[in-house]
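Please read the structure below before turning to the comments.
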Amino acid sequence: MVRTTHEVLNQPPPLEDYNLFLTDPVLGDGVRRHSGDWAIGTLTAFGGAAGSSQAFEWGRLANGYPPTLHTHDRFGNRIDQVEYHPAWHHLMEQAVANGLHSLPWEQHPNEGRHVVRAAMTYLAGQIEAGHWCPISMTASVIPALRHNEALAAEWEPRLTSRTYDPSFRPGGEKAGVLMGMAMTEKQGGSDVRANTTRAVPVAGGAEGEYRVTGHKWFCSAPMCDAFLILAQAPGGLSCFFLPRWTPDGEVNGLRIQRLKDKLGNRSNASSEVEYEDAYAVLVGEEGRGVTTIIEMVGGTRLDCLTGSASLMRQAVAQAAHHIAHREAFGKRLVEQPLMRNVIADLEIEVEAATILMLRVAAAFDRSERDEHEAQLKRILTPVGKYWVTKRCPVVVGEALECLGGAGYVEDSILPRLYREAPLNAIWEGSGNVIALDVLRAIRREPASVDALLSEMDAARGADARLDRAIDDLAGALVTLDDPEPDARRLVGRMARTVQAALLVRFGETAVADAFIATRLDNDWGAMLGTLPRGLRLEPLVERAVPAI
């Protein structure tokens with residue numbers, strides 16, 4: 001006999017089997033605005049696949065069963081291979097098949113390819129963030145790799161292939177390959193000029209061939225087919241292409257020491273590696289390694305911004321869905337005044353982050369033919385990366401709290417989103433590194449400041465509060481003396497002002513008004529759920545709840 005003690009009541013249905021793209025009007029509007037109309041059908045199909053219960057389950061499994069390292073086979077031979085759960089491969093196959101790793105570099109007649117790729121990454125990241133680490137690095141490596149024409153000619157066709165091949169065999173035998181990156185070392189971290197890994201030219205070898213010996217403290221996705229790394233050559237710190245296999249078909253001297261036991265990003269096999277006389281090829285000039293590899297870092301910084309916006313979107317969607325169905329004290333939570341304030345405040349953050357993300361991606365698309373866009377890309381990428389990645393843990397944490405205890409258990413997606421939330425603020429430069437990079441742009445590339453102010457000037461006249469904020473920021477930027485101690489405050493102010501300008505130009509009026517009323521004050525404490533009275537919360541609440 002089946003005995004039941006109670007009937008399950010007052011529980012929201014799971015938020016799954018819905019289209020992530022069609023239920024996100026801010027994303028759709030932004031894609032159209034930035035020349036991505038041609039991809040609406042593709043994004044609709046991808047949004048449906050990403051929002052399926054199957055995709056959510058793949059995300060759960062890939063993180064519930066993290067990768068394992070096998071350093072040796074059963075006979076004692078060194079193999080250095082990482083084994084992943086099948087769910088990881090399903091996610092990777094879906095990403096590669098849709099060109100998340102290749103779209104900006106494919107022979108494609110349409111504009112807006114960075115924007116479309118950012119939108120697709122934003123959708124994929126809502127389900128599982130770890131798998132697009134190798135996707136991000138592969139997408140970002142090509143501008144740097146083109147510093148060596150022979151390497152680019154050989155590898156770019158396979159890097160842009162939409163064939164996912166996870167087999168462990170030489171890259172030359174595979175239709176599709178992926179690339180990773182390894183820069184930091186134990187003793188230096190972000191200070192890569194302290195690197196001790198050495199690269200020695202091969203005596204009698206072909207031009208540009210080196211042998212590398214040393215270590216890397218962080219090597220993400222160690223099963224990639226090749227990596228860009230930094231090492232000390234005779235002429236100084238230089239960038240190198242290091243494949244898993246030598247030209248002779250032998251396994252290269254890359255040894256995986258261990259996988260990192262990380263807070264989040266559990267599905268992705270971040271690792272520590274050592275190089276033992278490993279074959280590598282110079283990319284760019286000796287002594288200009290940072291300059292060469294920074295072109296790759298710029299792309300991955302855009303992905304950090306995109307990834308944080310993605311996590312925020314999914315967390316707030318989960319919270320809004322929950323409160324739209326859950327009742328307490330005789331009313332649905334969404335009807336409770338204080339909860340409405342919280343969810344509206346969270347929606348402001350998501351929409352501001354999404355609009356900023358798409359504007360940065362658009363600058364990537366236009367930078368090669370438009371100097372304004374090139375300068376805007378230079379300064380807005382680190383500004384956006386800094387601010388949105390900082391906001392992400394706050395937003396995800398507050399969204400989790402909307403579910404109460406139900407949001408704190410692993411059965412929900414919120415704990416995984418929360419563990420992911422701090423990552424993008426660390427990856428590709430932590431907060432101080434990014435803030436100092438913005439100061440570097442201000443000092444050395446004043447045209448980038450002009451581009452940023454010009455972008456904000458386009459919103460003038462719509463709101464006097466915004467006009468004053470732009471004037472105040474412009475004054476602060478031209479009177480810099482010793483800004484380093486206040487760099488974080490300055491960069492945060494830059495980010496909020498440009499977000500306000502973009503919302504005024506392209507966003508929902510209620511969102512722009514609420515953002516300006518609460519975020520432009522220099523002393524804003526960033527405490528969510530403290531919107532002042534008099535703002536129209538209804539449109540914000542409605543926009544937060546997924547329309548499924």
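Ordering of the structure tokens sets the chain letters (A, B, ...), residue numbers begin anew at 1 in every chain, and ligands are numbered from 1 in the order given.
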Sorted per-residue table, stretch 91-191 of chain A near stretch 300-313 of chain A, closest atoms and distance, 7 Å, only C-alpha atoms, as JSON lines:
```
{"residue": "A:Ala118", "atom": "CA", "partner": "A:Thr306", "partner_atom": "CA", "distance": 6.6}
{"residue": "A:Tyr122", "atom": "CA", "partner": "A:Ser310", "partner_atom": "CA", "distance": 4.8}
{"residue": "A:Leu123", "atom": "CA", "partner": "A:Ser310", "partner_atom": "CA", "distance": 6.8}
{"residue": "A:Gly125", "atom": "CA", "partner": "A:Ser310", "partner_atom": "CA", "distance": 5.7}
{"residue": "A:Gln126", "atom": "CA", "partner": "A:Ser310", "partner_atom": "CA", "distance": 5.4}
{"residue": "A:Ser136", "atom": "CA", "partner": "A:Thr300", "partner_atom": "CA", "distance": 6.1}
{"residue": "A:Met137", "atom": "CA", "partner": "A:Thr300", "partner_atom": "CA", "distance": 6.5}
{"residue": "A:Ser140", "atom": "CA", "partner": "A:Thr300", "partner_atom": "CA", "distance": 6.1}
```
Taking N, CA and C atoms for each residue, export the selection above as a compact mmCIF listing (two decimals), in the first residue's frame.
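result_7.txt, freshly written:
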```txt
# COMPACT_ATOMS: atom_id res chain seq x y z
N ALA A 118 27.96 36.74 -29.37
CA ALA A 118 27.77 37.12 -27.96
C ALA A 118 26.37 36.71 -27.50
N TYR A 122 25.64 34.09 -24.58
CA TYR A 122 24.77 34.52 -23.49
C TYR A 122 23.68 33.48 -23.22
N LEU A 123 23.16 32.88 -24.27
CA LEU A 123 22.14 31.84 -24.11
C LEU A 123 22.76 30.55 -23.58
N GLY A 125 25.49 30.13 -21.87
CA GLY A 125 26.01 30.28 -20.51
C GLY A 125 24.94 30.20 -19.44
N GLN A 126 23.70 30.42 -19.81
CA GLN A 126 22.63 30.33 -18.82
C GLN A 126 22.40 28.90 -18.38
N SER A 136 35.41 29.81 -25.79
CA SER A 136 35.84 31.21 -25.74
C SER A 136 37.27 31.37 -26.21
N MET A 137 38.15 30.51 -25.72
CA MET A 137 39.56 30.65 -26.09
C MET A 137 39.78 30.37 -27.56
N SER A 140 38.76 33.36 -29.54
CA SER A 140 39.58 34.55 -29.32
C SER A 140 41.01 34.43 -29.84
```
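Those residues in stretch 300-477 of chain A carrying a DSSP assignment of strand (DSSP E), computed from the backbone, are Glu327, Ala328, Lys331 and Arg332 of chain A.
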Subject >> DSSP-assigned helix (DSSP H, G or I) members of stretch 258-418 of chain A, reported as a ChimeraX atom specification >> reply: /A:289-325,333-335,337-366,371-402,404-408,414-418
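Of the residues listed (A:Glu111, A:Thr479, A:Pro337, A:Pro234), A:Glu111 shows the shortest atom-to-atom separation from A:Arg33; distances use only C-alpha atoms.
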Original post:
How many Å separate atom CA of A:Glu420 from atom CA of A:Gly264?
Top reply: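 Computing it gives 5.0 Å between the two atoms.
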**OP:** Please indicate the distance in Å from atom CA of A:Ala406 to atom CA of A:His131, rounded to one decimal place.
**Re:** 26.1 Å
**OP:** Can you work out which one of A:Thr121, A:Gly30, A:His108, A:Gly59 has the shortest atom-to-atom distance to A:His90, counting only C-alpha atoms?
**Re:**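 Closest candidate: A:Gly59.
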Show me, as a compact mmCIF listing (two decimals) with N, CA and C atoms, in the first residue's frame, the residues that have an atom within 9 Å of A:Ala514 when counting only C-alpha atoms, minus same-chain residues fewer than 2 positions from it.
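New file out_30.txt:
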```txt
# COMPACT_ATOMS: atom_id res chain seq x y z
N ASP A 345 14.52 45.70 -9.03
CA ASP A 345 15.91 46.15 -8.92
C ASP A 345 16.85 45.18 -9.63
N ILE A 348 16.67 45.63 -13.40
CA ILE A 348 17.47 46.77 -13.85
C ILE A 348 18.90 46.33 -14.15
N THR A 509 11.82 52.74 -21.12
CA THR A 509 11.83 54.01 -20.40
C THR A 509 11.82 53.80 -18.89
N ALA A 510 10.99 52.88 -18.40
CA ALA A 510 10.92 52.65 -16.95
C ALA A 510 12.23 52.14 -16.40
N VAL A 511 12.93 51.31 -17.16
CA VAL A 511 14.21 50.79 -16.71
C VAL A 511 15.25 51.90 -16.67
N ALA A 512 15.31 52.70 -17.73
CA ALA A 512 16.27 53.80 -17.77
C ALA A 512 16.03 54.79 -16.64
N ILE A 516 18.76 55.54 -13.65
CA ILE A 516 19.30 56.88 -13.40
C ILE A 516 18.99 57.35 -11.99
N ALA A 517 17.78 57.04 -11.53
CA ALA A 517 17.37 57.49 -10.20
C ALA A 517 18.17 56.82 -9.09
N THR A 518 18.76 55.66 -9.37
CA THR A 518 19.38 54.88 -8.28
C THR A 518 20.86 54.60 -8.46
N ARG A 519 21.38 54.69 -9.69
CA ARG A 519 22.76 54.23 -9.92
C ARG A 519 23.77 55.34 -10.20
N LEU A 531 15.02 50.52 -4.04
CA LEU A 531 14.54 51.52 -4.99
C LEU A 531 13.66 52.53 -4.27
N PRO A 532 13.78 53.82 -4.58
CA PRO A 532 12.98 54.83 -3.89
C PRO A 532 11.52 54.79 -4.34
N LEU A 535 8.96 55.40 -8.30
CA LEU A 535 9.34 54.77 -9.55
C LEU A 535 8.25 53.79 -9.99
N ARG A 536 8.13 53.59 -11.30
CA ARG A 536 7.15 52.64 -11.82
C ARG A 536 7.76 51.24 -11.84
N LEU A 537 7.37 50.44 -10.86
CA LEU A 537 7.93 49.11 -10.73
C LEU A 537 7.22 48.08 -11.60
```
Subject >> Nearby residues (only C-alpha atoms) at most 7 Å from A:Cys224, same-chain spacing under 4 positions excluded, as a list of chain:residue names >> reply: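 My reading of the contact set: A:Leu178, A:Met179, A:Gly180.
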